[in-house]
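With compact mmCIF, C-alpha atoms inside, this is final_17.txt:
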# COMPACT_ATOMS: atom_id res chain seq x y z
CA MET A 1 2.93 -1.16 -27.78
CA LEU A 2 1.48 -3.08 -30.74
CA ASP A 3 2.23 -6.33 -28.93
CA ASP A 4 -0.91 -5.71 -26.86
CA PHE A 5 -3.89 -7.23 -28.69
CA MET A 6 -6.28 -4.67 -27.17
CA ILE A 7 -4.21 -1.78 -28.55
CA ARG A 8 -4.24 -3.36 -32.00
CA ALA A 9 -7.99 -3.94 -31.74
CA ALA A 10 -8.60 -0.33 -30.72
CA LEU A 11 -6.46 1.04 -33.56
CA ALA A 12 -8.17 -1.22 -36.09
CA GLY A 13 -11.60 -0.19 -34.83
CA VAL A 14 -10.74 3.51 -35.00
CA GLY A 15 -9.47 3.17 -38.58
CA VAL A 16 -12.67 1.47 -39.69
CA ALA A 17 -14.96 3.78 -37.69
CA VAL A 18 -13.53 6.98 -39.19
CA VAL A 19 -14.05 5.75 -42.74
CA ALA A 20 -17.43 4.18 -41.94
CA GLY A 21 -18.70 7.46 -40.51
CA VAL A 22 -17.81 9.48 -43.60
CA LEU A 23 -19.00 6.88 -46.11
CA GLY A 24 -22.12 6.19 -44.07
CA CYS A 25 -23.25 9.77 -44.56
CA PHE A 26 -23.50 9.22 -48.31
CA LEU A 27 -25.39 5.97 -47.77
CA VAL A 28 -27.87 7.87 -45.58
CA TRP A 29 -28.20 10.86 -47.89
CA ARG A 30 -28.71 8.64 -50.94
CA ARG A 31 -30.86 6.08 -49.12
CA MET A 32 -28.45 3.33 -50.17
CA ALA A 33 -28.76 1.00 -47.19
CA TYR A 34 -29.71 -1.97 -49.35
CA PHE A 35 -26.90 -1.19 -51.76
CA GLY A 36 -24.46 -1.37 -48.87
CA ASP A 37 -26.01 -4.63 -47.67
CA ALA A 38 -25.67 -6.24 -51.09
CA THR A 39 -22.01 -5.26 -51.26
CA ALA A 40 -21.21 -6.34 -47.71
CA HIS A 41 -23.01 -9.68 -47.98
CA ALA A 42 -21.02 -10.46 -51.12
CA ALA A 43 -17.92 -10.34 -48.94
CA LEU A 44 -18.52 -13.95 -47.87
CA LEU A 45 -18.20 -15.11 -51.46
CA GLY A 46 -14.90 -13.25 -51.57
CA VAL A 47 -13.84 -15.09 -48.41
CA ALA A 48 -14.69 -18.45 -50.00
CA ILE A 49 -12.72 -17.65 -53.16
CA SER A 50 -9.76 -16.43 -51.10
CA LEU A 51 -9.70 -19.63 -49.05
CA ALA A 52 -10.07 -21.85 -52.12
CA LEU A 53 -7.30 -20.09 -54.08
CA ASN A 54 -5.08 -19.41 -51.07
CA LEU A 55 -5.31 -15.65 -51.56
CA SER A 56 -5.39 -12.95 -48.93
CA ILE A 57 -8.88 -12.39 -47.56
CA PHE A 58 -8.61 -8.68 -48.33
CA THR A 59 -7.90 -9.32 -52.03
CA GLY A 60 -10.77 -11.78 -52.54
CA VAL A 61 -13.29 -9.69 -50.64
CA LEU A 62 -12.29 -6.47 -52.41
CA VAL A 63 -12.59 -8.00 -55.90
CA ILE A 64 -15.97 -9.65 -55.26
CA CYS A 65 -17.44 -6.62 -53.47
CA LEU A 66 -16.35 -4.37 -56.31
CA ILE A 67 -17.83 -6.69 -58.96
CA VAL A 68 -21.16 -6.97 -57.14
CA ALA A 69 -21.33 -3.23 -56.46
CA LEU A 70 -20.66 -2.45 -60.13
CA MET A 71 -23.26 -5.01 -61.24
CA VAL A 72 -25.90 -3.52 -58.95
CA THR A 73 -25.03 0.01 -60.09
CA SER A 74 -25.27 -0.99 -63.75
CA LEU A 75 -28.60 -2.79 -63.32
CA SER A 76 -30.12 0.01 -61.27
CA GLU A 77 -29.31 2.47 -64.05
CA ARG A 78 -31.54 0.43 -66.35
CA SER A 79 -34.59 1.41 -64.27
CA LEU A 80 -35.20 -2.04 -62.84
CA GLY A 81 -37.12 -2.20 -59.55
CA LEU A 82 -34.38 -0.91 -57.26
CA ASP A 83 -35.72 -2.16 -53.91
CA SER A 84 -36.40 -5.64 -55.27
CA LEU A 85 -33.07 -5.73 -57.09
CA LEU A 86 -31.02 -4.74 -54.06
CA GLY A 87 -32.96 -7.05 -51.74
CA THR A 88 -32.38 -9.95 -54.11
CA PHE A 89 -28.66 -9.24 -54.44
CA ALA A 90 -28.17 -8.76 -50.70
CA HIS A 91 -29.74 -12.05 -49.66
CA ALA A 92 -28.56 -14.07 -52.65
CA ALA A 93 -24.97 -12.90 -52.15
CA LEU A 94 -25.08 -13.91 -48.49
CA ALA A 95 -26.55 -17.32 -49.24
CA ILE A 96 -24.10 -18.03 -52.08
CA GLY A 97 -21.19 -16.97 -49.89
CA LEU A 98 -22.25 -19.25 -47.02
CA VAL A 99 -22.68 -22.22 -49.38
CA ALA A 100 -19.37 -21.50 -51.11
CA VAL A 101 -17.48 -21.40 -47.80
CA SER A 102 -19.04 -24.69 -46.70
CA LEU A 103 -18.06 -26.34 -50.01
CA THR A 104 -14.45 -25.17 -49.88
CA LYS A 105 -12.57 -28.44 -49.50
CA GLY A 106 -9.60 -28.79 -47.21
CA VAL A 107 -10.36 -25.56 -45.37
CA ARG A 108 -11.91 -25.22 -41.94
CA ALA A 109 -13.29 -21.71 -41.68
CA ASP A 110 -14.78 -20.04 -38.64
CA LEU A 111 -17.79 -18.40 -40.27
CA SER A 112 -18.63 -16.36 -37.19
CA ALA A 113 -15.32 -14.50 -37.54
CA TYR A 114 -16.28 -13.39 -41.04
CA LEU A 115 -19.94 -12.76 -40.25
CA PHE A 116 -19.46 -10.77 -37.02
CA GLY A 117 -15.76 -9.93 -37.06
CA ASP A 118 -12.85 -10.95 -34.87
CA ILE A 119 -11.28 -7.65 -33.92
CA LEU A 120 -9.37 -9.10 -30.98
CA ALA A 121 -7.41 -11.30 -33.39
CA VAL A 122 -6.17 -8.39 -35.53
CA SER A 123 -2.47 -8.77 -36.30
CA ARG A 124 0.09 -6.11 -37.17
CA ALA A 125 -0.30 -7.02 -40.85
CA ASP A 126 -4.10 -6.70 -40.57
CA LEU A 127 -3.67 -3.35 -38.89
CA ALA A 128 -1.46 -2.10 -41.72
CA VAL A 129 -4.01 -3.21 -44.34
CA ILE A 130 -6.88 -1.60 -42.43
CA TRP A 131 -5.18 1.76 -42.07
CA LEU A 132 -3.85 1.74 -45.64
CA GLY A 133 -7.34 0.97 -46.94
CA ALA A 134 -8.85 3.63 -44.67
CA ALA A 135 -6.36 6.21 -45.93
CA VAL A 136 -7.15 5.38 -49.56
CA VAL A 137 -10.90 5.71 -48.94
CA LEU A 138 -10.51 9.02 -47.12
CA VAL A 139 -8.35 10.44 -49.91
CA LEU A 140 -10.90 9.31 -52.53
CA ILE A 141 -13.85 10.79 -50.66
CA LEU A 142 -12.26 14.04 -49.49
CA SER A 143 -10.66 14.78 -52.86
CA ARG A 144 -14.07 14.55 -54.54
CA TRP A 145 -16.14 15.84 -51.63
CA GLN A 146 -17.88 18.75 -53.38
CA ALA A 147 -18.50 16.74 -56.54
CA LEU A 148 -20.00 13.86 -54.55
CA LEU A 149 -22.22 16.26 -52.61
CA THR A 150 -23.43 17.87 -55.83
CA VAL A 151 -24.29 14.51 -57.40
CA THR A 152 -26.03 13.48 -54.19
CA LEU A 153 -28.07 16.68 -54.20
CA SER A 154 -29.02 16.61 -57.88
CA PRO A 155 -27.53 14.67 -60.83
CA GLU A 156 -29.00 17.32 -63.16
CA LEU A 157 -27.18 20.07 -61.26
CA ALA A 158 -23.99 18.00 -61.43
CA HIS A 159 -24.31 17.70 -65.23
CA ALA A 160 -24.83 21.45 -65.49
CA SER A 161 -21.71 22.01 -63.37
CA GLY A 162 -19.59 19.80 -65.61
CA ILE A 163 -19.51 16.89 -63.16
CA ALA A 164 -20.04 13.34 -64.44
CA PRO A 165 -22.44 11.61 -62.01
CA ARG A 166 -21.48 8.14 -63.28
CA ARG A 167 -17.81 8.74 -62.50
CA GLU A 168 -18.58 9.98 -59.00
CA ASN A 169 -20.90 7.03 -58.38
CA MET A 170 -18.17 4.63 -59.47
CA LEU A 171 -15.74 6.33 -57.08
CA LEU A 172 -18.22 5.92 -54.25
CA THR A 173 -18.68 2.27 -55.22
CA LEU A 174 -14.92 1.72 -55.09
CA ALA A 175 -14.71 3.39 -51.68
CA LEU A 176 -17.51 1.18 -50.36
CA ALA A 177 -15.84 -2.00 -51.64
CA ILE A 178 -12.51 -1.08 -50.04
CA SER A 179 -14.23 -0.22 -46.75
CA VAL A 180 -16.03 -3.56 -46.61
CA ALA A 181 -12.81 -5.41 -47.42
CA VAL A 182 -10.84 -3.78 -44.61
CA ALA A 183 -13.70 -3.94 -42.10
CA ILE A 184 -14.57 -7.63 -42.38
CA LYS A 185 -11.90 -8.47 -39.80
CA VAL A 186 -13.27 -5.88 -37.36
CA VAL A 187 -17.07 -6.18 -37.39
CA GLY A 188 -17.76 -8.78 -40.09
CA ALA A 189 -19.89 -8.85 -43.23
CA LEU A 190 -23.22 -8.63 -41.40
CA LEU A 191 -22.36 -5.63 -39.23
CA ILE A 192 -20.16 -3.33 -41.32
CA ILE A 193 -23.10 -1.53 -42.91
CA ALA A 194 -24.62 -1.08 -39.45
CA LEU A 195 -21.40 0.67 -38.38
CA MET A 196 -21.79 2.97 -41.39
CA LEU A 197 -25.51 3.69 -41.13
CA ILE A 198 -26.13 3.96 -37.38
CA PRO A 199 -23.51 6.63 -36.50
CA ALA A 200 -24.44 8.62 -39.61
CA SER A 201 -28.14 8.40 -38.75
CA ALA A 202 -27.39 9.47 -35.18
CA ALA A 203 -25.34 12.44 -36.38
CA ARG A 204 -27.80 13.66 -39.00
CA PRO A 205 -30.31 15.51 -36.77
CA LEU A 206 -27.52 17.04 -34.67
CA ALA A 207 -25.34 18.41 -37.49
CA ARG A 208 -25.76 21.76 -39.21
CA ASN A 209 -23.96 20.95 -42.46
CA PRO A 210 -22.65 17.91 -44.37
CA GLU A 211 -19.10 18.33 -43.13
CA GLY A 212 -20.27 18.52 -39.53
CA MET A 213 -22.37 15.40 -39.99
CA ALA A 214 -19.42 13.45 -41.40
CA ILE A 215 -17.14 14.51 -38.54
CA LEU A 216 -19.76 13.77 -35.89
CA ALA A 217 -20.58 10.38 -37.44
CA SER A 218 -16.91 9.42 -37.35
CA LEU A 219 -16.60 10.54 -33.72
CA ILE A 220 -19.67 8.51 -32.77
CA GLY A 221 -18.14 5.51 -34.53
CA VAL A 222 -14.82 5.89 -32.72
CA VAL A 223 -16.49 6.20 -29.30
CA SER A 224 -18.72 3.23 -30.14
CA VAL A 225 -15.61 1.16 -30.86
CA ALA A 226 -14.11 2.16 -27.51
CA LEU A 227 -17.32 1.39 -25.62
CA GLY A 228 -17.82 -1.88 -27.50
CA LEU A 229 -14.30 -3.05 -26.72
CA TRP A 230 -14.72 -2.13 -23.06
CA GLY A 231 -18.10 -3.85 -22.83
CA SER A 232 -16.77 -6.95 -24.56
CA PHE A 233 -13.81 -7.15 -22.18
CA ALA A 234 -15.86 -6.42 -19.07
CA TYR A 235 -18.85 -8.65 -19.79
CA ASP A 236 -17.35 -11.26 -22.15
CA THR A 237 -19.69 -10.39 -25.03
CA PRO A 238 -18.97 -10.64 -28.80
CA THR A 239 -16.91 -7.59 -29.72
CA GLY A 240 -18.37 -6.75 -33.15
CA PRO A 241 -22.01 -6.83 -31.98
CA SER A 242 -21.00 -4.93 -28.83
CA ILE A 243 -19.61 -2.11 -30.97
CA VAL A 244 -22.83 -1.90 -32.99
CA CYS A 245 -24.90 -1.95 -29.76
CA ALA A 246 -22.89 1.02 -28.50
CA ALA A 247 -23.58 2.86 -31.75
CA ALA A 248 -27.29 2.06 -31.36
CA LEU A 249 -27.22 3.72 -27.93
CA PHE A 250 -25.95 6.91 -29.54
CA PHE A 251 -28.77 6.70 -32.09
CA ALA A 252 -31.30 6.39 -29.27
CA LEU A 253 -29.68 9.34 -27.47
CA SER A 254 -29.80 11.41 -30.67
CA ALA A 255 -33.48 10.63 -31.13
CA LEU A 256 -34.14 11.63 -27.50
CA ILE A 257 -32.32 14.94 -27.95
CA VAL A 258 -34.39 15.70 -31.05
CA ARG A 259 -37.59 14.89 -29.23
CA VAL A 260 -36.65 17.16 -26.31
CA ARG A 261 -35.83 19.99 -28.72
CA MET A 262 -39.21 19.64 -30.38
CA GLY A 263 -40.87 19.89 -26.99
Just give me the structure as structure tokens.
Amino acid sequence: MLDDFMIRAALAGVGVAVVAGVLGCFLVWRRMAYFGDATAHAALLGVAISLALNLSIFTGVLVICLIVALMVTSLSERSLGLDSLLGTFAHAALAIGLVAVSLTKGVRADLSAYLFGDILAVSRADLAVIWLGAAVVLVLILSRWQALLTVTLSPELAHASGIAPRRENMLLTLALAISVAVAIKVVGALLIIALMLIPASAARPLARNPEGMAILASLIGVVSVALGLWGSFAYDTPTGPSIVCAAALFFALSALIVRVRMG
């Protein structure tokens, strides 16, 4: 069955979508869109280092994303202008990554595959890495679910409850770095945060509790992957952007439902 490239693409997309939906909820609740962008854009620098040192793309991207995410977290805790800081990191990381890839000698890299993903080229090895990474992220998030929710709601309440906000934030940072690393093959560095934010944003007004929002966001992501793959196959469109477009349709539908409810 795994000899069929469409089956592998679908399985890879589902693995990424489930994790992206859950993690995207925390990005929405904490208003961390720029933080996610800074981490994801740094992935290209990880690609350049991997190509230059002949490492696996996953390893290079994971290390660089984790370093950048930790740097941004550390600097933001020093009360620097958060919006300006994250905007600077996001765009600087993307620019540095693009320049680094172009300067990597002896390597011909298809930048579009890393920017927008190449899900149809997912191999069995890629599929194993994606699902292993997805499983690790889900275990990290679900095992600390209540603690993460408490820190998200109020760091002061977390302190009073004996929860260390810094530790939980670092765990969330690690989960984000792993998610970006496994997703770069599916939707690319420029679109992974969109796959996290859009389904979560679509699910938010329709869910009654955090758990329901996370489940609904993951379901929207999975269906978006299926629709994106179908649309890409039927109309010969780029697969990664097609998946994000499908997610955007769900966001529009969610907004319409809310408007109808409000009369």
Which of these residues is nearest to A:Val180, using only C-alpha atoms: A:Gly36, A:Gly13, A:Gly228, A:Gly97? A:Gly36
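Between atom CA of A:Thr39 and atom CA of A:Cys65 the interatomic distance comes to 5.3 Å.
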So how far away is atom CA of A:Arg166 from atom CA of A:Leu45, in Å?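 About the pair atom CA of A:Leu45 and atom CA of A:Arg166: they are 26.3 Å apart.
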Residues within 10 Å of A:His41, all atoms listed in the file, excluding chain neighbours under 3 positions, as number ranges by chain: A: 36-38, 44-46, 65, 68, 89-98, 115, 180, 188-193
One number please: atom CA of A:Ala12 to atom CA of A:Leu229, in Å, one decimal.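 These atoms are spaced 11.3 Å apart.
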Nearest to A:Val137 by atom-to-atom distance, counting only C-alpha atoms, from A:Val260, A:Leu103, A:Val182, A:Ala69: A:Val182
Among listed residues A:Thr239, A:Ser179, A:Thr173, A:Gln146, nearest A:Leu70 (using only C-alpha atoms):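 The closest residue to A:Leu70 is A:Thr173.
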Determine, counting all atoms listed in the file, every residue of protein, DNA or RNA that lies within 8 Å of (-19.8, -1.5, -27.6) in the file coordinates, then give the result as a list in words. Ser224, Val225, Ala226, Leu227, Gly228, Leu229, Trp230, Gly231, Ser232, Thr239, Gly240, Pro241, Ser242, Ile243, Val244, Cys245, Ala246 and Ala247 of chain A
Restricting the calculation to all atoms listed in the file, which member of A:Ala113, A:Thr237, A:Ile215, A:Ala207 is positioned closest to A:Ser254?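 Closest residue, counting all atoms listed in the file: A:Ala207.
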Nearest-residue call for A:Ile49, choices A:Gly21, A:Leu174, A:Ala160, A:Thr104, using all atoms listed in the file: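 Looking at the shortest contact to A:Ile49, the residue is A:Thr104.
Distances to A:Leu197 were evaluated for A:Val129, A:Met32, A:Val18, A:Ala134 using only C-alpha atoms, and the minimum falls at A:Met32.
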Would you kindly return, as JSON, numbers by chain, each protein, DNA or RNA residue with an atom no farther than 9 Å from any atom of A:Arg30, considering all atoms listed in the file and excluding same-chain residues fewer than 3 positions away? {"A": [25, 26, 27, 33, 152, 153]}
Show which residues sit within 12 Å of A:Ile141, as number ranges by chain. Count all atoms listed in the file, and ignore same-chain residues fewer than 3 positions away. A: 19-26, 134-138, 144-149, 168-176, 178-179, 211, 214
Can you complete the atoms of stretch 40-51 of chain A to all heavy atoms and list them as a PDB file, in the frame of the given file?
ATOM      1  N   ALA A  40     -21.806  -5.721 -48.889  1.00  0.00           N
ATOM      2  CA  ALA A  40     -21.210  -6.340 -47.710  1.00  0.00           C
ATOM      3  C   ALA A  40     -21.468  -7.843 -47.669  1.00  0.00           C
ATOM      4  O   ALA A  40     -20.586  -8.637 -47.322  1.00  0.00           O
ATOM      5  CB  ALA A  40     -21.737  -5.673 -46.448  1.00  0.00           C
ATOM      6  N   HIS A  41     -22.678  -8.255 -48.007  1.00  0.00           N
ATOM      7  CA  HIS A  41     -23.010  -9.680 -47.980  1.00  0.00           C
ATOM      8  C   HIS A  41     -22.209 -10.468 -49.012  1.00  0.00           C
ATOM      9  O   HIS A  41     -21.922 -11.655 -48.822  1.00  0.00           O
ATOM     10  CB  HIS A  41     -24.506  -9.871 -48.211  1.00  0.00           C
ATOM     11  CG  HIS A  41     -25.332  -9.432 -47.045  1.00  0.00           C
ATOM     12  ND1 HIS A  41     -26.713  -9.443 -47.058  1.00  0.00           N
ATOM     13  CD2 HIS A  41     -24.985  -8.960 -45.820  1.00  0.00           C
ATOM     14  CE1 HIS A  41     -27.166  -9.002 -45.897  1.00  0.00           C
ATOM     15  NE2 HIS A  41     -26.132  -8.699 -45.139  1.00  0.00           N
ATOM     16  N   ALA A  42     -21.844  -9.799 -50.103  1.00  0.00           N
ATOM     17  CA  ALA A  42     -21.020 -10.460 -51.120  1.00  0.00           C
ATOM     18  C   ALA A  42     -19.622 -10.766 -50.602  1.00  0.00           C
ATOM     19  O   ALA A  42     -18.898 -11.575 -51.199  1.00  0.00           O
ATOM     20  CB  ALA A  42     -20.934  -9.580 -52.363  1.00  0.00           C
ATOM     21  N   ALA A  43     -19.250 -10.129 -49.495  1.00  0.00           N
ATOM     22  CA  ALA A  43     -17.920 -10.340 -48.940  1.00  0.00           C
ATOM     23  C   ALA A  43     -17.667 -11.816 -48.607  1.00  0.00           C
ATOM     24  O   ALA A  43     -16.539 -12.307 -48.725  1.00  0.00           O
ATOM     25  CB  ALA A  43     -17.730  -9.493 -47.682  1.00  0.00           C
ATOM     26  N   LEU A  44     -18.711 -12.532 -48.206  1.00  0.00           N
ATOM     27  CA  LEU A  44     -18.520 -13.950 -47.870  1.00  0.00           C
ATOM     28  C   LEU A  44     -18.116 -14.772 -49.074  1.00  0.00           C
ATOM     29  O   LEU A  44     -17.355 -15.735 -48.957  1.00  0.00           O
ATOM     30  CB  LEU A  44     -19.795 -14.519 -47.245  1.00  0.00           C
ATOM     31  CG  LEU A  44     -20.006 -14.188 -45.771  1.00  0.00           C
ATOM     32  CD1 LEU A  44     -21.309 -14.781 -45.281  1.00  0.00           C
ATOM     33  CD2 LEU A  44     -18.859 -14.712 -44.939  1.00  0.00           C
ATOM     34  N   LEU A  45     -18.635 -14.422 -50.248  1.00  0.00           N
ATOM     35  CA  LEU A  45     -18.200 -15.110 -51.460  1.00  0.00           C
ATOM     36  C   LEU A  45     -16.732 -14.820 -51.722  1.00  0.00           C
ATOM     37  O   LEU A  45     -15.977 -15.703 -52.146  1.00  0.00           O
ATOM     38  CB  LEU A  45     -19.055 -14.659 -52.652  1.00  0.00           C
ATOM     39  CG  LEU A  45     -18.760 -15.337 -53.997  1.00  0.00           C
ATOM     40  CD1 LEU A  45     -18.885 -16.856 -53.885  1.00  0.00           C
ATOM     41  CD2 LEU A  45     -19.689 -14.793 -55.070  1.00  0.00           C
ATOM     42  N   GLY A  46     -16.318 -13.601 -51.444  1.00  0.00           N
ATOM     43  CA  GLY A  46     -14.900 -13.250 -51.570  1.00  0.00           C
ATOM     44  C   GLY A  46     -14.048 -14.038 -50.599  1.00  0.00           C
ATOM     45  O   GLY A  46     -12.929 -14.460 -50.933  1.00  0.00           O
ATOM     46  N   VAL A  47     -14.558 -14.266 -49.396  1.00  0.00           N
ATOM     47  CA  VAL A  47     -13.840 -15.090 -48.410  1.00  0.00           C
ATOM     48  C   VAL A  47     -13.664 -16.510 -48.934  1.00  0.00           C
ATOM     49  O   VAL A  47     -12.571 -17.097 -48.850  1.00  0.00           O
ATOM     50  CB  VAL A  47     -14.598 -15.104 -47.067  1.00  0.00           C
ATOM     51  CG1 VAL A  47     -14.003 -16.157 -46.126  1.00  0.00           C
ATOM     52  CG2 VAL A  47     -14.549 -13.732 -46.410  1.00  0.00           C
ATOM     53  N   ALA A  48     -14.749 -17.078 -49.487  1.00  0.00           N
ATOM     54  CA  ALA A  48     -14.690 -18.450 -50.000  1.00  0.00           C
ATOM     55  C   ALA A  48     -13.668 -18.579 -51.126  1.00  0.00           C
ATOM     56  O   ALA A  48     -12.875 -19.530 -51.160  1.00  0.00           O
ATOM     57  CB  ALA A  48     -16.069 -18.881 -50.495  1.00  0.00           C
ATOM     58  N   ILE A  49     -13.673 -17.621 -52.042  1.00  0.00           N
ATOM     59  CA  ILE A  49     -12.720 -17.650 -53.160  1.00  0.00           C
ATOM     60  C   ILE A  49     -11.283 -17.507 -52.650  1.00  0.00           C
ATOM     61  O   ILE A  49     -10.370 -18.181 -53.120  1.00  0.00           O
ATOM     62  CB  ILE A  49     -13.066 -16.550 -54.167  1.00  0.00           C
ATOM     63  CG1 ILE A  49     -14.399 -16.880 -54.858  1.00  0.00           C
ATOM     64  CG2 ILE A  49     -11.958 -16.381 -55.199  1.00  0.00           C
ATOM     65  CD1 ILE A  49     -14.895 -15.799 -55.783  1.00  0.00           C
ATOM     66  N   SER A  50     -11.099 -16.627 -51.675  1.00  0.00           N
ATOM     67  CA  SER A  50      -9.760 -16.430 -51.100  1.00  0.00           C
ATOM     68  C   SER A  50      -9.245 -17.713 -50.460  1.00  0.00           C
ATOM     69  O   SER A  50      -8.074 -18.087 -50.629  1.00  0.00           O
ATOM     70  CB  SER A  50      -9.793 -15.311 -50.063  1.00  0.00           C
ATOM     71  OG  SER A  50     -10.177 -14.089 -50.649  1.00  0.00           O
ATOM     72  N   LEU A  51     -10.112 -18.400 -49.705  1.00  0.00           N
ATOM     73  CA  LEU A  51      -9.700 -19.630 -49.050  1.00  0.00           C
ATOM     74  C   LEU A  51      -9.416 -20.734 -50.076  1.00  0.00           C
ATOM     75  O   LEU A  51      -8.449 -21.494 -49.935  1.00  0.00           O
ATOM     76  CB  LEU A  51     -10.796 -20.099 -48.089  1.00  0.00           C
ATOM     77  CG  LEU A  51     -11.065 -19.188 -46.879  1.00  0.00           C
ATOM     78  CD1 LEU A  51     -12.260 -19.698 -46.080  1.00  0.00           C
ATOM     79  CD2 LEU A  51      -9.835 -19.090 -45.984  1.00  0.00           C
TER      80      LEU A  51
END
